file data_1.txt (compact mmCIF, C-alpha atoms)
# COMPACT_ATOMS: atom_id res chain seq x y z
CA MET A 18 40.34 105.46 53.04
CA PRO A 19 38.89 107.53 55.93
CA LEU A 20 36.25 105.73 57.97
CA ASP A 21 32.77 107.12 58.44
CA ASP A 22 32.06 108.15 62.02
CA THR A 23 29.99 105.11 62.95
CA SER A 24 32.52 102.67 61.50
CA ALA A 25 35.30 104.48 63.35
CA GLN A 26 33.34 104.15 66.59
CA TRP A 27 32.88 100.45 66.01
CA LEU A 28 36.55 99.92 65.32
CA ALA A 29 37.67 101.94 68.33
CA ALA A 30 35.27 100.15 70.66
CA LEU A 31 36.20 96.69 69.42
CA GLN A 32 39.89 97.47 69.83
CA ALA A 33 39.44 99.02 73.28
CA ASP A 34 39.93 97.27 76.61
CA GLY A 35 37.59 96.21 79.36
CA ALA A 36 33.95 97.19 79.54
CA VAL A 37 33.96 99.25 76.33
CA ARG A 38 35.17 96.28 74.32
CA ASP A 39 32.83 93.87 76.09
CA GLN A 40 29.87 96.12 75.35
CA ALA A 41 30.90 96.39 71.68
CA HIS A 42 31.22 92.62 71.47
CA THR A 43 27.74 92.21 72.89
CA ARG A 44 26.26 94.70 70.44
CA LEU A 45 28.11 93.19 67.51
CA HIS A 46 26.92 89.72 68.42
CA GLY A 47 23.37 91.06 68.63
CA LEU A 48 23.65 92.55 65.16
CA LEU A 49 25.10 89.38 63.67
CA LEU A 50 22.45 87.24 65.33
CA ALA A 51 19.70 89.47 63.98
CA ALA A 52 21.29 89.32 60.53
CA ALA A 53 21.60 85.53 60.65
CA ARG A 54 18.00 85.14 61.81
CA ALA A 55 16.76 87.45 59.08
CA GLU A 56 18.71 85.64 56.41
CA LEU A 57 17.71 82.18 57.59
CA GLY A 58 14.12 83.39 57.60
CA ARG A 59 14.53 84.70 54.07
CA ARG A 60 15.86 81.31 52.94
CA SER A 61 13.50 79.17 55.01
CA GLY A 62 11.38 78.35 51.98
CA HIS A 63 14.34 76.49 50.48
CA SER A 64 15.91 75.11 53.65
CA ARG A 65 12.59 74.04 55.22
CA LEU A 66 14.05 74.92 58.59
CA ASN A 67 11.94 76.45 61.29
CA GLY A 68 11.55 76.86 65.02
CA ALA A 69 14.31 75.79 67.35
CA GLU A 70 16.44 74.24 64.60
CA LEU A 71 16.48 77.49 62.65
CA ASP A 72 17.30 79.53 65.73
CA ASP A 73 20.08 77.14 66.69
CA LEU A 74 21.65 77.60 63.24
CA ALA A 75 21.29 81.37 63.62
CA HIS A 76 23.23 81.28 66.89
CA GLN A 77 25.93 79.08 65.37
CA ALA A 78 26.23 81.37 62.34
CA ALA A 79 26.37 84.49 64.51
CA ALA A 80 29.04 83.02 66.78
CA ASP A 81 31.24 81.97 63.86
CA ALA A 82 30.67 85.26 62.04
CA MET A 83 31.73 87.05 65.22
CA LEU A 84 34.98 85.10 65.26
CA SER A 85 35.60 85.93 61.59
CA VAL A 86 34.92 89.63 62.12
CA LEU A 87 37.24 89.87 65.12
CA ARG A 88 39.95 87.85 63.41
CA GLN A 89 39.80 89.96 60.26
CA LEU A 90 39.30 93.31 61.98
CA PRO A 91 42.82 94.48 61.08
CA THR A 92 41.95 94.02 57.38
CA PHE A 93 38.88 96.30 57.49
CA ARG A 94 39.75 99.30 55.31
CA GLY A 95 36.49 101.21 55.45
CA GLU A 96 35.54 100.68 51.81
CA SER A 97 32.03 99.94 53.08
CA ARG A 98 30.35 100.69 56.38
CA PHE A 99 31.58 98.49 59.20
CA THR A 100 28.18 96.94 59.71
CA THR A 101 27.88 96.01 56.01
CA TRP A 102 31.31 94.42 56.18
CA ALA A 103 30.32 92.50 59.32
CA TYR A 104 26.98 91.40 57.85
CA LYS A 105 28.88 89.87 54.97
CA PHE A 106 30.41 87.31 57.33
CA ALA A 107 26.98 86.49 58.70
CA MET A 108 25.83 85.77 55.13
CA PHE A 109 28.80 83.48 54.51
CA GLU A 110 28.23 81.62 57.76
CA VAL A 111 24.53 81.17 57.04
CA SER A 112 25.41 79.74 53.62
CA GLY A 113 27.98 77.41 55.13
CA LYS A 114 25.63 76.20 57.86
CA LEU A 115 22.82 75.59 55.39
CA GLY A 116 25.23 73.74 53.11
CA ARG A 117 26.23 71.45 55.95
CA HIS A 118 22.61 71.06 56.99
CA PHE A 119 21.64 70.04 53.44
CA TRP A 120 24.54 67.63 53.11
CA THR A 121 23.83 65.83 56.38
CA ARG A 122 20.22 65.27 55.33
CA HIS A 123 20.78 64.63 51.63
CA PRO A 124 24.05 62.74 51.28
CA THR A 125 25.12 62.38 47.68
CA THR A 126 23.85 59.28 46.01
CA PRO A 127 24.94 57.82 42.67
CA LEU A 128 23.10 59.37 39.75
CA ASP A 129 20.26 57.37 38.36
CA GLU A 130 18.26 57.65 35.12
CA ALA A 131 15.76 59.99 36.76
CA ASP A 132 18.54 62.49 37.48
CA TRP A 133 19.67 62.45 33.87
CA GLU A 134 16.09 62.73 32.63
CA ALA A 135 15.67 65.87 34.74
CA LEU A 136 18.73 67.49 33.15
CA PRO A 137 17.00 68.96 30.05
CA GLY A 138 14.53 70.73 32.30
CA ARG A 139 17.36 72.42 34.16
CA PHE A 140 18.27 74.16 30.92
CA GLY A 141 14.71 75.07 30.06
CA PHE A 142 14.11 72.33 27.50
CA SER A 143 10.58 70.94 27.47
CA VAL A 144 9.23 67.56 26.45
CA GLU A 145 7.17 69.15 23.67
CA ASN A 146 10.24 70.02 21.61
CA GLU A 147 12.37 67.03 22.57
CA ALA A 148 13.31 66.38 18.94
CA GLN A 149 15.25 69.64 18.95
CA TRP A 150 17.39 68.92 22.00
CA ARG A 151 17.63 65.12 22.21
CA GLU A 152 20.94 64.95 20.33
CA LEU A 153 22.37 67.90 22.26
CA MET A 154 21.51 66.37 25.64
CA ALA A 155 22.86 62.98 24.63
CA ALA A 156 26.12 64.62 23.58
CA LEU A 157 26.24 66.59 26.82
CA ARG A 158 25.80 63.46 28.89
CA HIS A 159 28.51 61.70 26.89
CA ALA A 160 30.87 64.63 27.39
CA ILE A 161 30.14 64.71 31.13
CA GLU A 162 30.92 61.00 31.37
CA TYR A 163 34.00 60.89 29.15
CA ASP A 164 35.52 64.37 28.70
CA LEU A 165 35.67 65.61 32.28
CA THR A 166 38.22 64.72 34.92
CA GLU A 167 36.97 62.73 37.88
CA ARG A 168 36.87 65.86 40.04
CA GLN A 169 35.13 67.95 37.36
CA ARG A 170 32.54 65.22 36.82
CA GLN A 171 31.98 64.90 40.56
CA VAL A 172 31.36 68.63 40.98
CA PHE A 173 29.41 69.16 37.76
CA THR A 174 27.04 66.26 38.30
CA ALA A 175 26.45 67.23 41.92
CA VAL A 176 25.69 70.87 41.15
CA VAL A 177 24.04 70.68 37.75
CA VAL A 178 22.63 67.19 37.34
CA ASN A 179 21.76 66.49 40.98
CA GLY A 180 20.91 70.09 41.87
CA THR A 181 22.97 69.96 45.07
CA PRO A 182 23.65 73.43 46.50
CA MET A 183 27.25 74.45 45.87
CA ASP A 184 27.83 75.07 49.57
CA ALA A 185 26.78 71.49 50.30
CA VAL A 186 29.24 70.27 47.67
CA CYS A 187 31.93 72.27 49.47
CA VAL A 188 31.14 70.41 52.69
CA GLU A 189 31.13 67.03 50.98
CA LEU A 190 34.44 67.63 49.21
CA ASP A 191 35.96 69.47 52.17
CA THR A 192 36.83 72.46 50.03
CA ASN A 193 35.62 76.01 49.50
CA ARG A 194 33.30 77.82 47.12
CA ASN A 195 36.20 79.35 45.22
CA ALA A 196 37.70 75.96 44.38
CA VAL A 197 34.33 74.49 43.39
CA TYR A 198 33.63 77.47 41.13
CA LYS A 199 37.01 77.08 39.43
CA THR A 200 36.38 73.37 38.90
CA MET A 201 32.98 74.22 37.43
CA PHE A 202 34.59 76.83 35.17
CA ASP A 203 36.99 74.24 33.75
CA ALA A 204 34.18 71.72 33.36
CA ARG A 205 31.99 74.22 31.50
CA ARG A 206 34.87 75.04 29.13
CA ARG A 207 35.54 71.37 28.39
CA LEU A 208 31.89 70.54 27.84
CA ARG A 209 31.42 73.49 25.52
CA ALA A 210 34.49 72.47 23.51
CA ALA A 211 33.08 68.95 23.16
CA LEU A 212 29.71 70.22 21.96
CA VAL A 213 31.31 72.71 19.57
CA ALA A 214 33.48 69.92 18.13
CA LYS A 215 30.30 68.01 17.31
CA GLY A 216 28.74 71.05 15.68
CA LEU A 217 26.00 71.23 18.32
CA LEU A 218 27.02 74.63 19.68
CA GLU A 219 28.62 77.53 17.91
CA GLU A 220 32.15 78.63 18.70
CA SER A 221 32.26 81.45 21.24
CA ALA A 222 32.91 84.87 19.75
CA MET B 3 22.37 75.87 39.64
CA SER B 4 18.73 75.34 40.36
CA HIS B 5 16.87 77.36 37.78
CA ALA B 6 16.45 76.92 34.07
CA MET B 7 19.39 78.40 32.24
CA ASP B 8 20.18 78.37 28.58
CA LEU B 9 22.83 75.68 28.04
CA ASP B 10 24.74 77.74 25.51
CA THR B 11 24.96 80.66 27.94
CA PHE B 12 25.83 78.44 30.88
CA LEU B 13 28.72 76.75 29.12
CA ARG B 14 30.25 79.99 27.82
CA THR B 15 33.37 80.91 29.77
CA ASP B 16 35.33 84.12 29.78
CA PRO B 17 38.99 84.17 30.82
CA ARG B 18 38.19 87.42 32.65
CA GLU B 19 35.53 85.62 34.69
CA VAL B 20 36.35 85.89 38.38
CA ALA B 21 35.90 83.14 40.94
CA CYS B 22 33.95 83.41 44.17
CA GLY B 23 36.92 84.48 46.27
CA GLU B 24 37.27 87.89 44.65
CA VAL B 25 33.51 88.43 44.71
CA MET B 26 33.27 87.50 48.39
CA GLU B 27 36.10 89.90 49.18
CA LEU B 28 34.24 92.83 47.59
CA LEU B 29 30.68 91.78 48.34
CA ASP B 30 30.10 94.47 50.98
CA VAL B 31 31.48 97.24 48.76
CA TYR B 32 29.51 96.06 45.75
CA ALA B 33 26.30 95.67 47.76
CA GLU B 34 26.44 99.21 49.16
CA LEU B 35 27.12 100.67 45.74
CA HIS B 36 24.36 98.53 44.19
CA ALA B 37 21.89 99.60 46.89
CA ALA B 38 22.57 103.23 46.01
CA ASP B 39 22.87 102.88 42.24
CA PRO B 40 22.65 99.44 40.56
CA ALA B 41 23.85 100.71 37.19
CA ALA B 42 26.90 102.34 38.73
CA ALA B 43 27.72 99.13 40.59
CA SER B 44 27.57 97.07 37.39
CA ALA B 45 29.63 99.65 35.51
CA ARG B 46 32.33 99.80 38.16
CA TYR B 47 32.44 96.06 38.84
CA PRO B 48 31.30 94.35 35.62
CA HIS B 49 33.12 91.12 36.54
CA ILE B 50 31.15 90.89 39.78
CA ALA B 51 27.86 91.61 38.03
CA ALA B 52 28.68 88.86 35.52
CA HIS B 53 29.62 86.44 38.29
CA MET B 54 26.30 87.01 40.04
CA ALA B 55 24.47 85.83 36.93
CA LEU B 56 26.40 82.55 36.94
CA CYS B 57 26.94 81.74 40.61
CA GLY B 58 23.81 80.99 42.57
CA PRO B 59 25.43 80.91 46.03
CA CYS B 60 27.14 84.29 45.63
CA ALA B 61 23.92 85.76 44.23
CA VAL B 62 21.99 84.49 47.26
CA ASP B 63 24.53 86.02 49.66
CA PHE B 64 24.34 89.26 47.69
CA GLN B 65 20.56 89.37 47.85
CA GLY B 66 20.70 88.67 51.57
CA LEU B 67 23.11 91.52 52.12
CA LEU B 68 20.93 93.85 50.06
CA ALA B 69 17.92 92.86 52.15
CA LEU B 70 19.81 93.73 55.33
CA LEU B 71 20.92 97.06 53.88
CA ALA B 72 17.32 97.87 53.06
CA ASP B 73 16.67 97.89 56.81
CA GLU B 74 18.13 100.46 59.12
CA PRO B 75 21.89 100.36 59.48
CA GLY B 76 23.08 98.96 62.77
CA PRO B 77 23.61 101.20 65.79
CA ALA B 78 27.00 102.51 66.76
CA PRO B 79 28.62 100.48 69.54
CA GLY B 80 28.04 103.15 72.19
CA SER B 81 24.47 104.04 71.29
CA ASP B 82 21.46 103.06 73.37
CA ARG B 83 19.64 101.36 70.52
call {"tool": "encode", "arguments": {"input": "data_1.txt", "output": "structure tokens"}}
result
Amino acid sequence: MPLDDTSAQWLAALQADGAVRDQAHTRLHGLLLAAARAELGRRSGHSRLNGAELDDLAHQAAADAMLSVLRQLPTFRGESRFTTWAYKFAMFEVSGKLGRHFWTRHPTTPLDEADWEALPGRFGFSVENEAQWRELMAALRHAIEYDLTERQRQVFTAVVVNGTPMDAVCVELDTNRNAVYKTMFDARRRLRAALVAKGLLEESA
Amino acid sequence: MSHAMDLDTFLRTDPREVACGEVMELLDVYAELHAADPAAASARYPHIAAHMALCGPCAVDFQGLLALLADEPGPAPGSDR
């Protein structure tokens, strides 16, 4: 796929030698830092980060995104603009840094009754109509405890019951988002099968 | 998962469902297309659109990328900006 002019300029400059490359590196780092700051600002309501701590994370994210961009430069095929492609790595690094930040401040603790009692609310069930979902939630909890593998239960309870961000679960389990998603996929399928077997959910079409 | 989601919907799985890796690989392409024409993006990449509805972290990254695209694109490496 032919590159647009600006993307071609970026690629040429980053693959050049000497001052041209150094200047491109500086500009790229500036872009990634601005992107990381903007994204951390956008998420600050959830992360509760601000000031120097937020800016420090932005610098870390920009530096690591820079490394990813330069390492993966040979794979850039021009299917998007270069800057969009580069921004993507800044997003991933921001997510990873926030996941680690969350995990260091909220280490996973064993589930207690309060966590389980919050579960119906996560699916939009309210106390007013508890009679309609009590059996379903009891069956779900039973299936989580007895029908999932250890790993599936660990991931599902962290993400769904505990409300831990998936990127923090990745840090805790020393894995990646792809693997956690696949584990969640298998857990969802098993739980649905268990609830269908009890006549609490209808078979998927 | 941090928002209320219908349990029945949440537990439904589709063998064609893609994991985060494929979505992350195409996130830049999907975001640019979505910024220009959301319907066209969903039509061309229905598996990514479906993934966004189920995966909070990928959806957050996607929204962040869209927010950046809404600003001016970055300068070329040799420009004075």
call {"tool": "atom_distance", "arguments": {"input": "data_1.txt", "atom1": "atom CA of Tyr163 of chain A", "atom2": "atom CA of Glu134 of chain A"}}
result
18.3 Å
call {"tool": "residues_around", "arguments": {"input": "data_1.txt", "residues": "Leu68 of chain B", "least_positions_apart": "4", "cutoff": "12 Å", "atoms": "all atoms listed in the file", "output": "CSV table (one decimal) with C-alpha atoms, keeping the file's coordinate frame"}}
result
chain,number,residue,atom,x,y,z
A,52,ALA,CA,21.3,89.3,60.5
A,55,ALA,CA,16.8,87.4,59.1
A,56,GLU,CA,18.7,85.6,56.4
A,59,ARG,CA,14.5,84.7,54.1
A,101,THR,CA,27.9,96.0,56.0
A,104,TYR,CA,27.0,91.4,57.8
A,105,LYS,CA,28.9,89.9,55.0
A,108,MET,CA,25.8,85.8,55.1
B,29,LEU,CA,30.7,91.8,48.3
B,30,ASP,CA,30.1,94.5,51.0
B,31,VAL,CA,31.5,97.2,48.8
B,32,TYR,CA,29.5,96.1,45.8
B,33,ALA,CA,26.3,95.7,47.8
B,34,GLU,CA,26.4,99.2,49.2
B,35,LEU,CA,27.1,100.7,45.7
B,36,HIS,CA,24.4,98.5,44.2
B,37,ALA,CA,21.9,99.6,46.9
B,38,ALA,CA,22.6,103.2,46.0
B,40,PRO,CA,22.6,99.4,40.6
B,61,ALA,CA,23.9,85.8,44.2
B,62,VAL,CA,22.0,84.5,47.3
B,63,ASP,CA,24.5,86.0,49.7
B,64,PHE,CA,24.3,89.3,47.7
B,72,ALA,CA,17.3,97.9,53.1
B,73,ASP,CA,16.7,97.9,56.8
B,74,GLU,CA,18.1,100.5,59.1
B,75,PRO,CA,21.9,100.4,59.5
call {"tool": "closest_residue", "arguments": {"input": "data_1.txt", "among": "B:Asp16, B:Asp8, B:Glu24, B:Asp39", "to": "chain A", "atoms": "only C-alpha atoms"}}
result
B:Asp8
call {"tool": "atom_distance", "arguments": {"input": "data_1.txt", "atom1": "atom CA of His53 of chain B", "atom2": "atom CA of Asn193 of chain A"}}
result
16.4 Å
call {"tool": "closest_residue", "arguments": {"input": "data_1.txt", "among": "A:Ala204, A:Val178, A:Ala155, A:Leu31", "to": "Asp129 of chain A", "atoms": "all atoms listed in the file"}}
result
A:Val178
call {"tool": "closest_atom_pairs", "arguments": {"input": "data_1.txt", "of": "chain A", "to": "chain B", "cutoff": "8 Å", "atoms": "only C-alpha atoms", "output": "JSON lines"}}
result
{"residue": "A:Thr23", "atom": "CA", "partner": "B:Ala78", "partner_atom": "CA", "distance": 5.5}
{"residue": "A:Ser24", "atom": "CA", "partner": "B:Ala78", "partner_atom": "CA", "distance": 7.6}
{"residue": "A:Gln26", "atom": "CA", "partner": "B:Ala78", "partner_atom": "CA", "distance": 6.6}
{"residue": "A:Trp27", "atom": "CA", "partner": "B:Pro79", "partner_atom": "CA", "distance": 5.5}
{"residue": "A:Ala30", "atom": "CA", "partner": "B:Pro79", "partner_atom": "CA", "distance": 6.8}
{"residue": "A:Gln40", "atom": "CA", "partner": "B:Pro79", "partner_atom": "CA", "distance": 7.4}
{"residue": "A:Ala41", "atom": "CA", "partner": "B:Pro79", "partner_atom": "CA", "distance": 5.1}
{"residue": "A:Arg44", "atom": "CA", "partner": "B:Pro79", "partner_atom": "CA", "distance": 6.3}
{"residue": "A:Leu45", "atom": "CA", "partner": "B:Pro79", "partner_atom": "CA", "distance": 7.6}
{"residue": "A:Leu48", "atom": "CA", "partner": "B:Gly76", "partner_atom": "CA", "distance": 6.9}
{"residue": "A:Ala52", "atom": "CA", "partner": "B:Leu70", "partner_atom": "CA", "distance": 7.0}
{"residue": "A:Ala55", "atom": "CA", "partner": "B:Leu70", "partner_atom": "CA", "distance": 7.9}
{"residue": "A:Glu56", "atom": "CA", "partner": "B:Gly66", "partner_atom": "CA", "distance": 6.0}
{"residue": "A:Arg59", "atom": "CA", "partner": "B:Gly66", "partner_atom": "CA", "distance": 7.8}
{"residue": "A:Glu96", "atom": "CA", "partner": "B:Val31", "partner_atom": "CA", "distance": 6.1}
{"residue": "A:Ser97", "atom": "CA", "partner": "B:Val31", "partner_atom": "CA", "distance": 5.1}
{"residue": "A:Thr100", "atom": "CA", "partner": "B:Gly76", "partner_atom": "CA", "distance": 6.3}
{"residue": "A:Thr101", "atom": "CA", "partner": "B:Asp30", "partner_atom": "CA", "distance": 5.7}
{"residue": "A:Trp102", "atom": "CA", "partner": "B:Asp30", "partner_atom": "CA", "distance": 5.3}
{"residue": "A:Tyr104", "atom": "CA", "partner": "B:Leu67", "partner_atom": "CA", "distance": 6.9}
{"residue": "A:Lys105", "atom": "CA", "partner": "B:Asp30", "partner_atom": "CA", "distance": 6.2}
{"residue": "A:Met108", "atom": "CA", "partner": "B:Asp63", "partner_atom": "CA", "distance": 5.6}
{"residue": "A:Phe109", "atom": "CA", "partner": "B:Asp63", "partner_atom": "CA", "distance": 6.9}
{"residue": "A:Ser112", "atom": "CA", "partner": "B:Asp63", "partner_atom": "CA", "distance": 7.5}
{"residue": "A:Gly138", "atom": "CA", "partner": "B:Ala6", "partner_atom": "CA", "distance": 6.7}
{"residue": "A:Arg139", "atom": "CA", "partner": "B:Ala6", "partner_atom": "CA", "distance": 4.6}
{"residue": "A:Phe140", "atom": "CA", "partner": "B:Ala6", "partner_atom": "CA", "distance": 4.6}
{"residue": "A:Gly141", "atom": "CA", "partner": "B:Ala6", "partner_atom": "CA", "distance": 4.7}
{"residue": "A:Val176", "atom": "CA", "partner": "B:Met3", "partner_atom": "CA", "distance": 6.2}
{"residue": "A:Val177", "atom": "CA", "partner": "B:Met3", "partner_atom": "CA", "distance": 5.8}
{"residue": "A:Gly180", "atom": "CA", "partner": "B:Ser4", "partner_atom": "CA", "distance": 5.9}
{"residue": "A:Pro182", "atom": "CA", "partner": "B:Met3", "partner_atom": "CA", "distance": 7.4}
{"residue": "A:Met183", "atom": "CA", "partner": "B:Pro59", "partner_atom": "CA", "distance": 6.7}
{"residue": "A:Asp184", "atom": "CA", "partner": "B:Pro59", "partner_atom": "CA", "distance": 7.2}
{"residue": "A:Arg194", "atom": "CA", "partner": "B:Cys22", "partner_atom": "CA", "distance": 6.4}
{"residue": "A:Asn195", "atom": "CA", "partner": "B:Cys22", "partner_atom": "CA", "distance": 4.8}
{"residue": "A:Tyr198", "atom": "CA", "partner": "B:Ala21", "partner_atom": "CA", "distance": 6.1}
{"residue": "A:Lys199", "atom": "CA", "partner": "B:Ala21", "partner_atom": "CA", "distance": 6.3}
{"residue": "A:Phe202", "atom": "CA", "partner": "B:Thr15", "partner_atom": "CA", "distance": 6.9}
{"residue": "A:Arg205", "atom": "CA", "partner": "B:Leu13", "partner_atom": "CA", "distance": 4.8}
{"residue": "A:Arg206", "atom": "CA", "partner": "B:Thr15", "partner_atom": "CA", "distance": 6.1}
{"residue": "A:Leu208", "atom": "CA", "partner": "B:Leu13", "partner_atom": "CA", "distance": 7.1}
{"residue": "A:Arg209", "atom": "CA", "partner": "B:Leu13", "partner_atom": "CA", "distance": 5.6}
{"residue": "A:Leu218", "atom": "CA", "partner": "B:Asp10", "partner_atom": "CA", "distance": 7.0}
{"residue": "A:Ser221", "atom": "CA", "partner": "B:Arg14", "partner_atom": "CA", "distance": 7.0}
call {"tool": "write_last_selection", "arguments": {"input": "data_1.txt", "atoms": "C-alpha atoms", "output": "PDB file, in the coordinates of the input"}}
result
ATOM      1  CA  THR A  23      29.990 105.110  62.950  1.00  0.00           C
ATOM      2  CA  SER A  24      32.520 102.670  61.500  1.00  0.00           C
ATOM      3  CA  GLN A  26      33.340 104.150  66.590  1.00  0.00           C
ATOM      4  CA  TRP A  27      32.880 100.450  66.010  1.00  0.00           C
ATOM      5  CA  ALA A  30      35.270 100.150  70.660  1.00  0.00           C
ATOM      6  CA  GLN A  40      29.870  96.120  75.350  1.00  0.00           C
ATOM      7  CA  ALA A  41      30.900  96.390  71.680  1.00  0.00           C
ATOM      8  CA  ARG A  44      26.260  94.700  70.440  1.00  0.00           C
ATOM      9  CA  LEU A  45      28.110  93.190  67.510  1.00  0.00           C
ATOM     10  CA  LEU A  48      23.650  92.550  65.160  1.00  0.00           C
ATOM     11  CA  ALA A  52      21.290  89.320  60.530  1.00  0.00           C
ATOM     12  CA  ALA A  55      16.760  87.450  59.080  1.00  0.00           C
ATOM     13  CA  GLU A  56      18.710  85.640  56.410  1.00  0.00           C
ATOM     14  CA  ARG A  59      14.530  84.700  54.070  1.00  0.00           C
ATOM     15  CA  GLU A  96      35.540 100.680  51.810  1.00  0.00           C
ATOM     16  CA  SER A  97      32.030  99.940  53.080  1.00  0.00           C
ATOM     17  CA  THR A 100      28.180  96.940  59.710  1.00  0.00           C
ATOM     18  CA  THR A 101      27.880  96.010  56.010  1.00  0.00           C
ATOM     19  CA  TRP A 102      31.310  94.420  56.180  1.00  0.00           C
ATOM     20  CA  TYR A 104      26.980  91.400  57.850  1.00  0.00           C
ATOM     21  CA  LYS A 105      28.880  89.870  54.970  1.00  0.00           C
ATOM     22  CA  MET A 108      25.830  85.770  55.130  1.00  0.00           C
ATOM     23  CA  PHE A 109      28.800  83.480  54.510  1.00  0.00           C
ATOM     24  CA  SER A 112      25.410  79.740  53.620  1.00  0.00           C
ATOM     25  CA  GLY A 138      14.530  70.730  32.300  1.00  0.00           C
ATOM     26  CA  ARG A 139      17.360  72.420  34.160  1.00  0.00           C
ATOM     27  CA  PHE A 140      18.270  74.160  30.920  1.00  0.00           C
ATOM     28  CA  GLY A 141      14.710  75.070  30.060  1.00  0.00           C
ATOM     29  CA  VAL A 176      25.690  70.870  41.150  1.00  0.00           C
ATOM     30  CA  VAL A 177      24.040  70.680  37.750  1.00  0.00           C
ATOM     31  CA  GLY A 180      20.910  70.090  41.870  1.00  0.00           C
ATOM     32  CA  PRO A 182      23.650  73.430  46.500  1.00  0.00           C
ATOM     33  CA  MET A 183      27.250  74.450  45.870  1.00  0.00           C
ATOM     34  CA  ASP A 184      27.830  75.070  49.570  1.00  0.00           C
ATOM     35  CA  ARG A 194      33.300  77.820  47.120  1.00  0.00           C
ATOM     36  CA  ASN A 195      36.200  79.350  45.220  1.00  0.00           C
ATOM     37  CA  TYR A 198      33.630  77.470  41.130  1.00  0.00           C
ATOM     38  CA  LYS A 199      37.010  77.080  39.430  1.00  0.00           C
ATOM     39  CA  PHE A 202      34.590  76.830  35.170  1.00  0.00           C
ATOM     40  CA  ARG A 205      31.990  74.220  31.500  1.00  0.00           C
ATOM     41  CA  ARG A 206      34.870  75.040  29.130  1.00  0.00           C
ATOM     42  CA  LEU A 208      31.890  70.540  27.840  1.00  0.00           C
ATOM     43  CA  ARG A 209      31.420  73.490  25.520  1.00  0.00           C
ATOM     44  CA  LEU A 218      27.020  74.630  19.680  1.00  0.00           C
ATOM     45  CA  SER A 221      32.260  81.450  21.240  1.00  0.00           C
TER      46      SER A 221
END
